[in-house]
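Remarks on the structure that follows.
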Amino acid sequence: MAEPTPIEHITPEGVARLPVFTPAVRVGDLVFLSGAIGTVRGGELRLVEGGIGPETRATMENLGRVLEAAGLGFEDLVKCTVFLADIADFAAMNEVYLTFFEGIEPPARSAMAASGLALGARVEIECIARAR
């Protein structure tokens with residue numbers, strides 16, 4: 001019987017998280033990034049101020065730190081799921097989101113309205129990346 005594929009837990013410094021999840025898990029050729037929200041840099045569980053634009057930027061920067069800890073970048077993302085507290089924020093979120101994919105094709109993506117995001121966040125994004 002073959003050995004099961006090992007699971008690597010990726011927990012970068014300075015990324016806010018609750019003890020109930022790991023920021024990312026690598027298994028085989030895939031890295032699964034937990035949902036990220038726009039918390040301030042440094043690991044504090046407090047949202048950035050200013051609404052959907054700054055929250056989206058902070059969310060993407062937090063995802064970038066997790067990708068970096070896994071030895072990856074935004075070009076390695078294959079699928080993202082975006083949860084919005086208010087679907088009316090869709091266009092403003094997209095405006096910031098796309099800046100992280102300048103010069104590269106963005107990954108496949110779904111977006112939907114959701115209520116009750118952690119810490120009262122306006123946006124949460126989870127992703128799947130290819131491992132290198």
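All residue names refer to the structure tokens as shown: chains lettered A, B, ... in order, residues numbered from 1 in each chain, ligands numbered from 1 in order.
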Residues of segment 80-128 of chain A within 9 Å of segment 45-60 of chain A: nearest atom pair and distance (Å, one decimal) for each, counting only C-alpha atoms, sorted by chain and number, as a tab-separated table?
```
residue	atom	partner	partner_atom	distance
A:Asp89	CA	A:Ile52	CA	6.7
A:Ala92	CA	A:Gly53	CA	6.3
A:Met93	CA	A:Thr56	CA	6.0
A:Asn94	CA	A:Thr56	CA	8.7
A:Glu95	CA	A:Gly53	CA	8.1
A:Val96	CA	A:Arg57	CA	6.2
A:Tyr97	CA	A:Thr56	CA	6.7
A:Phe100	CA	A:Met60	CA	7.5
A:Leu119	CA	A:Leu47	CA	7.3
A:Gly120	CA	A:Leu47	CA	8.4
A:Ala121	CA	A:Leu47	CA	7.1
A:Arg122	CA	A:Ile52	CA	6.0
A:Val123	CA	A:Thr56	CA	6.5
A:Glu124	CA	A:Thr59	CA	7.1
A:Ile125	CA	A:Thr59	CA	7.2
```
Store the residues picked out above in a file with C-alpha atoms, as an mmCIF file, in the first residue's frame.
```cif
data_model
loop_
_atom_site.group_PDB
_atom_site.id
_atom_site.type_symbol
_atom_site.label_atom_id
_atom_site.label_comp_id
_atom_site.auth_asym_id
_atom_site.auth_seq_id
_atom_site.Cartn_x
_atom_site.Cartn_y
_atom_site.Cartn_z
ATOM 1 C CA ASP A 89 -18.903 46.134 -3.487
ATOM 2 C CA ALA A 92 -14.709 48.268 -6.150
ATOM 3 C CA MET A 93 -13.235 44.942 -4.992
ATOM 4 C CA ASN A 94 -12.400 43.985 -8.601
ATOM 5 C CA GLU A 95 -10.620 47.281 -9.174
ATOM 6 C CA VAL A 96 -8.115 46.505 -6.394
ATOM 7 C CA TYR A 97 -8.035 42.719 -6.927
ATOM 8 C CA PHE A 100 -2.313 42.054 -8.121
ATOM 9 C CA LEU A 119 -14.538 40.460 12.335
ATOM 10 C CA GLY A 120 -17.246 42.177 10.278
ATOM 11 C CA ALA A 121 -15.039 42.103 7.174
ATOM 12 C CA ARG A 122 -16.374 43.406 3.839
ATOM 13 C CA VAL A 123 -14.386 40.808 1.833
ATOM 14 C CA GLU A 124 -12.783 37.391 2.340
ATOM 15 C CA ILE A 125 -10.788 35.544 -0.313
#
```
In chain A, what's alpha helix (DSSP H) per DSSP? Answer as a PyMOL selection string? chain A and resi 52-69+90-97
Provide the atom CA of Ile104 of chain A to atom CA of Phe74 of chain A distance in Å, to one decimal place.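 Going from atom CA of Ile104 of chain A over to atom CA of Phe74 of chain A, I get 8.7 Å.
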Fewer than 4 positions away in the same chain doesn't count, so skip those; otherwise give me all residues within 8 Å of Ala114 of chain A, counting only C-alpha atoms, as a compact mmCIF listing (two decimals) with N, CA and C atoms, in the first residue's frame.
```txt
# COMPACT_ATOMS: atom_id res chain seq x y z
N PHE A 83 -15.72 36.18 -1.17
CA PHE A 83 -16.96 36.34 -0.41
C PHE A 83 -17.08 37.83 -0.08
N LEU A 84 -18.20 38.43 -0.44
CA LEU A 84 -18.44 39.85 -0.18
C LEU A 84 -19.61 40.01 0.78
N ALA A 85 -19.45 40.86 1.77
CA ALA A 85 -20.55 41.13 2.69
C ALA A 85 -21.69 41.83 1.96
N ASP A 86 -21.36 42.58 0.90
CA ASP A 86 -22.36 43.29 0.11
C ASP A 86 -21.95 43.19 -1.36
```
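Within 8 Å of segment 9-22 of chain A, once only C-alpha atoms are used and residues closer than 6 positions along the same chain are dropped, the contacting residues are Ser34, Thr39, Arg41, Gly42, Gly43, Glu44, Leu45, Asn62, Arg65, Val66, Ala69 and Ala70 of chain A.
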